[in-house]
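As stored in coords-v4.cif (mmCIF, C-alpha atoms, pLDDT in the B column; chains and numbers go by the auth columns):
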data_final
#
loop_
_atom_site.group_PDB
_atom_site.id
_atom_site.type_symbol
_atom_site.label_atom_id
_atom_site.label_comp_id
_atom_site.label_asym_id
_atom_site.label_seq_id
_atom_site.Cartn_x
_atom_site.Cartn_y
_atom_site.Cartn_z
_atom_site.B_iso_or_equiv
_atom_site.auth_seq_id
_atom_site.auth_asym_id
ATOM 1 C CA MET A 1 -14.028 -66.237 53.159 67.00 881 W
ATOM 2 C CA LYS A 2 -10.932 -64.122 52.524 73.00 882 W
ATOM 3 C CA ARG A 3 -9.356 -67.045 50.751 73.00 883 W
ATOM 4 C CA SER A 4 -12.321 -67.395 48.343 74.00 884 W
ATOM 5 C CA ILE A 5 -12.225 -63.650 47.577 75.00 885 W
ATOM 6 C CA ILE A 6 -8.524 -63.917 46.787 74.00 886 W
ATOM 7 C CA ILE A 7 -9.150 -66.935 44.536 73.00 887 W
ATOM 8 C CA VAL A 8 -11.970 -65.125 42.689 65.00 888 W
ATOM 9 C CA ALA A 9 -9.831 -61.967 42.300 64.00 889 W
ATOM 10 C CA CYS A 10 -6.929 -64.030 40.934 70.00 890 W
ATOM 11 C CA ALA A 11 -9.274 -65.787 38.502 69.00 891 W
ATOM 12 C CA VAL A 12 -10.683 -62.457 37.258 66.00 892 W
ATOM 13 C CA VAL A 13 -7.193 -60.997 36.822 66.00 893 W
ATOM 14 C CA GLY A 14 -6.128 -64.182 35.027 67.00 894 W
ATOM 15 C CA LEU A 15 -9.088 -63.944 32.632 69.00 895 W
ATOM 16 C CA LEU A 16 -8.302 -60.289 31.927 64.00 896 W
ATOM 17 C CA VAL A 17 -4.670 -61.126 31.178 64.00 897 W
ATOM 18 C CA VAL A 18 -5.736 -63.964 28.852 62.00 898 W
ATOM 19 C CA ALA A 19 -8.243 -61.668 27.097 55.00 899 W
ATOM 20 C CA LEU A 20 -5.630 -58.918 26.664 53.00 900 W
ATOM 21 C CA ALA A 21 -3.027 -61.396 25.406 55.00 901 W
ATOM 22 C CA GLY A 22 -5.582 -62.867 22.989 54.00 902 W
ATOM 23 C CA SER A 23 -6.447 -59.397 21.668 52.00 903 W
ATOM 24 C CA LEU A 24 -2.814 -58.492 21.179 53.00 904 W
ATOM 25 C CA TRP A 25 -2.121 -61.817 19.469 53.00 905 W
ATOM 26 C CA TYR A 26 -5.129 -61.378 17.163 54.00 906 W
ATOM 27 C CA PHE A 27 -4.253 -57.806 16.178 51.00 907 W
ATOM 28 C CA HIS A 28 -0.469 -58.290 16.110 54.00 908 W
ATOM 29 C CA ASP A 29 0.827 -57.627 12.603 59.00 909 W
ATOM 30 C CA ARG A 30 -2.710 -57.006 11.368 64.00 910 W
ATOM 31 C CA ARG A 31 -3.056 -54.046 9.110 65.00 911 W
ATOM 32 C CA PHE A 32 -6.172 -52.330 7.886 70.00 912 W
ATOM 33 C CA ASP A 33 -6.079 -50.326 4.702 74.00 913 W
ATOM 34 C CA VAL A 34 -8.270 -47.264 4.636 78.00 914 W
ATOM 35 C CA VAL A 35 -8.960 -45.735 1.232 81.00 915 W
ATOM 36 C CA ILE A 36 -9.814 -42.048 1.196 82.00 916 W
ATOM 37 C CA THR A 37 -10.927 -40.724 -2.172 85.00 917 W
ATOM 38 C CA GLN A 38 -10.211 -37.282 -3.514 85.00 918 W
ATOM 39 C CA GLN A 39 -13.958 -36.617 -3.482 88.00 919 W
ATOM 40 C CA GLN A 40 -14.116 -37.363 0.254 86.00 920 W
ATOM 41 C CA ILE A 41 -11.269 -34.929 0.911 86.00 921 W
ATOM 42 C CA ASP A 42 -12.905 -32.325 -1.365 88.00 922 W
ATOM 43 C CA ASP A 43 -16.216 -32.691 0.496 89.00 923 W
ATOM 44 C CA ALA A 44 -14.555 -32.419 3.916 87.00 924 W
ATOM 45 C CA LEU A 45 -12.686 -29.253 2.946 87.00 925 W
ATOM 46 C CA GLN A 46 -15.700 -27.699 1.213 89.00 926 W
ATOM 47 C CA SER A 47 -17.649 -28.034 4.455 89.00 927 W
ATOM 48 C CA SER A 48 -14.981 -26.157 6.445 87.00 928 W
ATOM 49 C CA PHE A 49 -14.492 -23.223 4.048 87.00 929 W
ATOM 50 C CA PRO A 50 -14.818 -20.267 3.562 91.00 930 W
ATOM 51 C CA ILE A 51 -13.015 -18.852 6.583 87.00 931 W
ATOM 52 C CA SER A 52 -12.257 -15.261 7.466 87.00 932 W
ATOM 53 C CA LYS A 53 -10.208 -13.437 10.044 85.00 933 W
ATOM 54 C CA ASN A 54 -9.340 -9.846 10.927 83.00 934 W
ATOM 55 C CA HIS A 55 -5.901 -8.584 11.916 75.00 935 W
ATOM 56 C CA LEU A 56 -5.192 -5.250 13.610 72.00 936 W
ATOM 57 C CA LEU A 57 -8.409 -3.683 12.266 69.00 937 W
ATOM 58 C CA ILE A 58 -6.691 -2.987 8.937 73.00 938 W
ATOM 59 C CA LEU A 59 -6.625 -6.424 7.399 80.00 939 W
ATOM 60 C CA HIS A 60 -9.381 -8.945 6.678 85.00 940 W
ATOM 61 C CA ILE A 61 -8.589 -12.170 4.816 86.00 941 W
ATOM 62 C CA THR A 62 -10.989 -14.787 3.498 90.00 942 W
ATOM 63 C CA TYR A 63 -10.018 -18.185 2.143 88.00 943 W
ATOM 64 C CA SER A 64 -12.469 -20.090 -0.028 92.00 944 W
ATOM 65 C CA ASN A 65 -12.840 -22.593 -2.851 93.00 945 W
ATOM 66 C CA PRO A 66 -10.438 -25.354 -1.718 92.00 946 W
ATOM 67 C CA ARG A 67 -9.015 -27.462 -4.534 92.00 947 W
ATOM 68 C CA VAL A 68 -7.250 -30.736 -3.787 89.00 948 W
ATOM 69 C CA THR A 69 -4.630 -32.508 -5.865 88.00 949 W
ATOM 70 C CA LEU A 70 -3.373 -35.879 -4.672 87.00 950 W
ATOM 71 C CA LEU A 71 0.342 -36.144 -5.434 86.00 951 W
ATOM 72 C CA SER A 72 0.655 -39.684 -6.777 81.00 952 W
ATOM 73 C CA GLY A 73 3.493 -41.830 -5.466 75.00 953 W
ATOM 74 C CA THR A 74 3.926 -39.696 -2.342 78.00 954 W
ATOM 75 C CA ASN A 75 2.268 -39.250 1.008 77.00 955 W
ATOM 76 C CA ARG A 76 1.410 -35.628 0.211 86.00 956 W
ATOM 77 C CA VAL A 77 -1.710 -33.702 -0.755 88.00 957 W
ATOM 78 C CA GLU A 78 -1.694 -30.303 -2.442 90.00 958 W
ATOM 79 C CA VAL A 79 -4.391 -27.833 -1.418 91.00 959 W
ATOM 80 C CA ALA A 80 -5.019 -24.572 -3.251 92.00 960 W
ATOM 81 C CA LEU A 81 -7.298 -21.837 -1.867 91.00 961 W
ATOM 82 C CA ASP A 82 -8.616 -18.566 -3.215 92.00 962 W
ATOM 83 C CA ALA A 83 -7.501 -15.669 -1.023 89.00 963 W
ATOM 84 C CA ASP A 84 -9.468 -12.417 -0.777 91.00 964 W
ATOM 85 C CA LEU A 85 -7.875 -9.619 1.187 86.00 965 W
ATOM 86 C CA GLU A 86 -9.473 -6.397 2.347 87.00 966 W
ATOM 87 C CA ILE A 87 -6.826 -3.984 3.557 80.00 967 W
ATOM 88 C CA GLN A 88 -6.412 -0.313 4.403 76.00 968 W
ATOM 89 C CA LEU A 89 -3.567 0.907 2.193 68.00 969 W
ATOM 90 C CA ARG A 90 -2.604 4.490 2.929 71.00 970 W
ATOM 91 C CA LYS A 91 -6.040 5.060 4.516 76.00 971 W
ATOM 92 C CA GLU A 92 -7.746 3.782 1.390 80.00 972 W
ATOM 93 C CA PRO A 93 -9.684 0.478 1.546 84.00 973 W
ATOM 94 C CA ARG A 94 -8.698 -2.006 -1.141 83.00 974 W
ATOM 95 C CA ARG A 95 -9.910 -5.461 -2.059 89.00 975 W
ATOM 96 C CA LEU A 96 -7.208 -7.758 -3.417 86.00 976 W
ATOM 97 C CA HIS A 97 -7.288 -11.319 -4.729 90.00 977 W
ATOM 98 C CA GLY A 98 -4.775 -14.108 -4.820 88.00 978 W
ATOM 99 C CA THR A 99 -3.959 -17.746 -4.279 90.00 979 W
ATOM 100 C CA PHE A 100 -2.631 -19.850 -1.426 89.00 980 W
ATOM 101 C CA VAL A 101 -1.045 -23.258 -2.182 92.00 981 W
ATOM 102 C CA ALA A 102 0.281 -25.734 0.372 90.00 982 W
ATOM 103 C CA THR A 103 1.321 -29.367 0.391 90.00 983 W
ATOM 104 C CA THR A 104 0.395 -31.397 3.445 90.00 984 W
ATOM 105 C CA GLY A 105 0.922 -34.811 4.885 88.00 985 W
ATOM 106 C CA ILE A 106 -1.783 -36.922 6.465 84.00 986 W
ATOM 107 C CA SER A 107 -1.989 -37.774 10.148 84.00 987 W
ATOM 108 C CA TYR A 108 -4.214 -40.153 12.067 82.00 988 W
ATOM 109 C CA ARG A 109 -5.557 -39.530 15.568 83.00 989 W
ATOM 110 C CA SER A 110 -6.299 -42.850 17.187 78.00 990 W
ATOM 111 C CA ASP A 111 -8.315 -41.260 20.004 79.00 991 W
ATOM 112 C CA THR A 112 -10.937 -39.969 17.553 82.00 992 W
ATOM 113 C CA TYR A 113 -10.397 -42.449 14.657 80.00 993 W
ATOM 114 C CA GLN A 114 -9.938 -39.502 12.299 83.00 994 W
ATOM 115 C CA PHE A 115 -7.522 -38.535 9.546 84.00 995 W
ATOM 116 C CA PHE A 116 -6.307 -34.938 9.204 88.00 996 W
ATOM 117 C CA LEU A 117 -4.145 -32.930 6.879 88.00 997 W
ATOM 118 C CA ALA A 118 -0.854 -32.385 8.696 88.00 998 W
ATOM 119 C CA GLU A 119 2.209 -30.156 8.653 88.00 999 W
ATOM 120 C CA PRO A 120 1.342 -27.943 5.695 88.00 1000 W
ATOM 121 C CA ASP A 121 4.295 -26.549 3.781 87.00 1001 W
ATOM 122 C CA ILE A 122 3.427 -23.227 2.190 85.00 1002 W
ATOM 123 C CA ASP A 123 4.339 -23.448 -1.486 87.00 1003 W
ATOM 124 C CA LYS A 124 2.857 -20.177 -2.659 85.00 1004 W
ATOM 125 C CA LEU A 125 0.960 -17.197 -1.318 83.00 1005 W
ATOM 126 C CA THR A 126 0.343 -14.533 -3.892 83.00 1006 W
ATOM 127 C CA ILE A 127 -2.000 -11.616 -3.493 81.00 1007 W
ATOM 128 C CA GLN A 128 -1.965 -9.211 -6.394 83.00 1008 W
ATOM 129 C CA GLY A 129 -1.462 -5.540 -5.602 80.00 1009 W
ATOM 130 C CA ILE A 130 0.100 -5.619 -2.120 77.00 1010 W
ATOM 131 C CA PRO A 131 2.900 -3.090 -1.844 73.00 1011 W
ATOM 132 C CA LYS A 132 6.220 -4.654 -0.805 76.00 1012 W
ATOM 133 C CA GLU A 133 6.298 -2.770 2.523 74.00 1013 W
ATOM 134 C CA TYR A 134 3.126 -4.630 3.646 72.00 1014 W
ATOM 135 C CA LEU A 135 4.224 -8.133 2.628 72.00 1015 W
ATOM 136 C CA ASP A 136 6.155 -8.796 5.860 74.00 1016 W
ATOM 137 C CA ASN A 137 2.985 -8.179 7.897 74.00 1017 W
ATOM 138 C CA VAL A 138 0.430 -9.842 5.633 76.00 1018 W
ATOM 139 C CA THR A 139 2.290 -13.035 4.710 79.00 1019 W
ATOM 140 C CA PRO A 140 2.782 -14.530 8.226 82.00 1020 W
ATOM 141 C CA PHE A 141 -0.797 -13.732 9.261 78.00 1021 W
ATOM 142 C CA ALA A 142 -2.305 -15.115 6.052 81.00 1022 W
ATOM 143 C CA SER A 143 -0.135 -18.234 6.154 83.00 1023 W
ATOM 144 C CA SER A 144 -0.868 -19.039 9.797 84.00 1024 W
ATOM 145 C CA LEU A 145 -4.632 -18.759 9.275 82.00 1025 W
ATOM 146 C CA ALA A 146 -4.621 -21.169 6.327 84.00 1026 W
ATOM 147 C CA ARG A 147 -2.201 -23.568 8.036 83.00 1027 W
ATOM 148 C CA GLU A 148 -4.331 -23.626 11.196 86.00 1028 W
ATOM 149 C CA ARG A 149 -7.560 -24.265 9.312 83.00 1029 W
ATOM 150 C CA LEU A 150 -6.172 -27.022 7.107 84.00 1030 W
ATOM 151 C CA GLN A 151 -5.048 -29.010 10.167 86.00 1031 W
ATOM 152 C CA LYS A 152 -8.159 -28.415 12.249 87.00 1032 W
ATOM 153 C CA PHE A 153 -10.900 -30.410 10.525 83.00 1033 W
ATOM 154 C CA PRO A 154 -10.852 -34.145 9.768 87.00 1034 W
ATOM 155 C CA ILE A 155 -10.815 -35.290 6.162 86.00 1035 W
ATOM 156 C CA TYR A 156 -12.024 -38.778 7.045 84.00 1036 W
ATOM 157 C CA THR A 157 -13.398 -40.640 10.071 83.00 1037 W
ATOM 158 C CA LEU A 158 -13.321 -44.416 10.448 76.00 1038 W
ATOM 159 C CA LYS A 159 -16.867 -45.697 10.497 73.00 1039 W
ATOM 160 C CA GLY A 160 -18.338 -47.854 13.272 59.00 1040 W
ATOM 161 C CA GLU A 161 -19.341 -50.668 10.926 52.00 1041 W
ATOM 162 C CA ASN A 162 -15.774 -51.994 10.941 52.00 1042 W
ATOM 163 C CA ILE A 163 -15.783 -53.490 14.434 44.00 1043 W
ATOM 164 C CA LYS A 164 -12.177 -54.621 14.120 50.00 1044 W
ATOM 165 C CA SER A 165 -11.019 -51.063 13.570 47.00 1045 W
ATOM 166 C CA ARG A 166 -12.928 -49.930 16.663 50.00 1046 W
ATOM 167 C CA ALA A 167 -11.593 -52.702 18.893 49.00 1047 W
ATOM 168 C CA VAL A 168 -8.215 -51.104 19.485 47.00 1048 W
ATOM 169 C CA LYS A 169 -6.595 -47.759 18.913 57.00 1049 W
ATOM 170 C CA PHE A 170 -4.431 -48.221 15.858 65.00 1050 W
ATOM 171 C CA LEU A 171 -1.362 -46.309 14.796 71.00 1051 W
ATOM 172 C CA LEU A 172 -0.756 -44.933 11.329 69.00 1052 W
ATOM 173 C CA LYS A 173 1.808 -47.166 9.605 74.00 1053 W
ATOM 174 C CA ASP A 174 1.934 -45.808 6.065 74.00 1054 W
ATOM 175 C CA VAL A 175 0.264 -43.314 3.752 74.00 1055 W
ATOM 176 C CA ARG A 176 0.511 -43.426 -0.025 76.00 1056 W
ATOM 177 C CA VAL A 177 -1.339 -41.658 -2.794 78.00 1057 W
ATOM 178 C CA LYS A 178 -2.257 -44.050 -5.602 79.00 1058 W
ATOM 179 C CA SER A 179 -4.699 -43.603 -8.472 75.00 1059 W
ATOM 180 C CA ASN A 180 -6.353 -40.473 -7.068 78.00 1060 W
ATOM 181 C CA GLU A 181 -6.895 -42.084 -3.674 80.00 1061 W
ATOM 182 C CA VAL A 182 -5.094 -41.932 -0.363 79.00 1062 W
ATOM 183 C CA HIS A 183 -4.215 -45.406 0.931 77.00 1063 W
ATOM 184 C CA ALA A 184 -3.571 -45.265 4.662 75.00 1064 W
ATOM 185 C CA THR A 185 -2.452 -48.342 6.552 77.00 1065 W
ATOM 186 C CA ILE A 186 -3.185 -48.541 10.262 74.00 1066 W
ATOM 187 C CA GLY A 187 -2.312 -51.263 12.738 73.00 1067 W
ATOM 188 C CA ILE A 188 -0.623 -52.076 16.006 67.00 1068 W
#
Translate the structure described by the file into structure tokens.
Amino acid sequence: MKRSIIIVACAVVGLLVVALAGSLWYFHDRRFDVVITQQQIDDALQSSFPISKNHLLILHITYSNPRVTLLSGTNRVEVALDADLEIQLRKEPRRLHGTFVATTGISYRSDTYQFFLAEPDIDKLTIQGIPKEYLDNVTPFASSLARERLQKFPIYTLKGENIKSRAVKFLLKDVRVKSNEVHATIGI
């Protein structure tokens, strides 16, 4: 009886090894191109903005109206946001306006099958009317809020209808912006 259990266990392990080897052979060097349009990125960002946050009870910033520009021939995306700042300046409340611009890469999380904006580089943060003595406090807070939000929400999720893409957890191989679309290649 023990011998038959060992034979059955060996057969099951053997079948699992063959199935795993077959899967790896099938997916080896296979690449799947995912095309993400600018409209899809625009829609994803529109659904996650506006955002607001307070800082030290004297500062309230709101980011809204995301605008996306795909930087052709690169793996980068430019995102511009409207920035509205309410601040107590010399005990007087003021409402100021400006712009935040960052360029980001694109990352892929294989555990959730989602693409995200990644590693934003702040290109510009201008808010008209802030006295120079407040810039050192406002700029890091305002930048960190926008950076955090841009990386938090997915811009695209692989759909379940592509069974091949759901069969294994792929890695991001390449990202390129071409003709107002992001072309992301994933594979093993």
Of the candidates W:Leu1030, W:Ile921, W:Ile1002, W:Val959, which shows the shortest atom-to-atom distance to Val1062 in chain W, using all atoms listed in the file?
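For Val1062 in chain W, the nearest of the given residues is W:Ile921.
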For Ala960 in chain W, which residue out of W:Gln1031, W:Thr992, W:Asn1060, W:Thr979 is the nearest one, using all atoms listed in the file?
W:Thr979
Which polymer residues, protein or nucleic acid, are no farther than 10 Å from (-1.1, -13.2, 8.7), counting all atoms listed in the file, as number ranges by chain?
W: 933-935, 939-941, 1015-1026
Residue neighbourhood Thr1037 in chain W, 7 Å, all atoms listed in the file, exclusion window fewer than 6 positions, as a list of chain:residue names
W:Tyr993, W:Gln994, W:Phe995
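Using all atoms listed in the file for every distance, the candidate list W:Cys890, W:Ile986, W:Leu936, W:Glu958 yields W:Ile986 as the residue closest to Arg1056 in chain W.
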If I take CA of Val1057 in chain W and CA of Pro1034 in chain W, how far is one from the other in Å, to one decimal?
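Between these atoms lies a distance of 17.5 Å.
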Given the file shown, enumerate the residues that the PyMOL selection byres ((chain W and resi 916-920) around 12) captures and present them as number ranges by chain.
W: 913-915, 921-927, 946-952, 957-959, 986, 994-996, 1034-1038, 1055-1065
Just checking: using only C-alpha atoms, which residue out of W:Phe929, W:Pro973, W:Thr983, W:Asp991 ends up closest to Lys1032 in chain W?
W:Phe929
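The interatomic distance for the pair CA of Ile1066 in chain W and CA of Asp1054 in chain W works out to 7.2 Å.
In this structure, CA of Leu965 in chain W sits 21.0 Å away from CA of Pro1000 in chain W.
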I need the output of the PyMOL selection byres ((chain W and resi 1006) around 6) for this file as a PDB file with C-alpha atoms, in the frame of the given file; which residues are they?
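File produced: out-v7.pdb:
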ATOM      1  CA  GLY W 978      -4.775 -14.108  -4.820  1.00 88.00           C
ATOM      2  CA  THR W 979      -3.959 -17.746  -4.279  1.00 90.00           C
ATOM      3  CA  LEU W1005       0.960 -17.197  -1.318  1.00 83.00           C
ATOM      4  CA  ILE W1007      -2.000 -11.616  -3.493  1.00 81.00           C
TER       5      ILE W1007
END
Hits from the PyMOL selection byres ((chain W and resi 943) around 8), listed as an MDAnalysis selection string:
chainID W and resid 929:932 941:942 944:945 961:964 1026
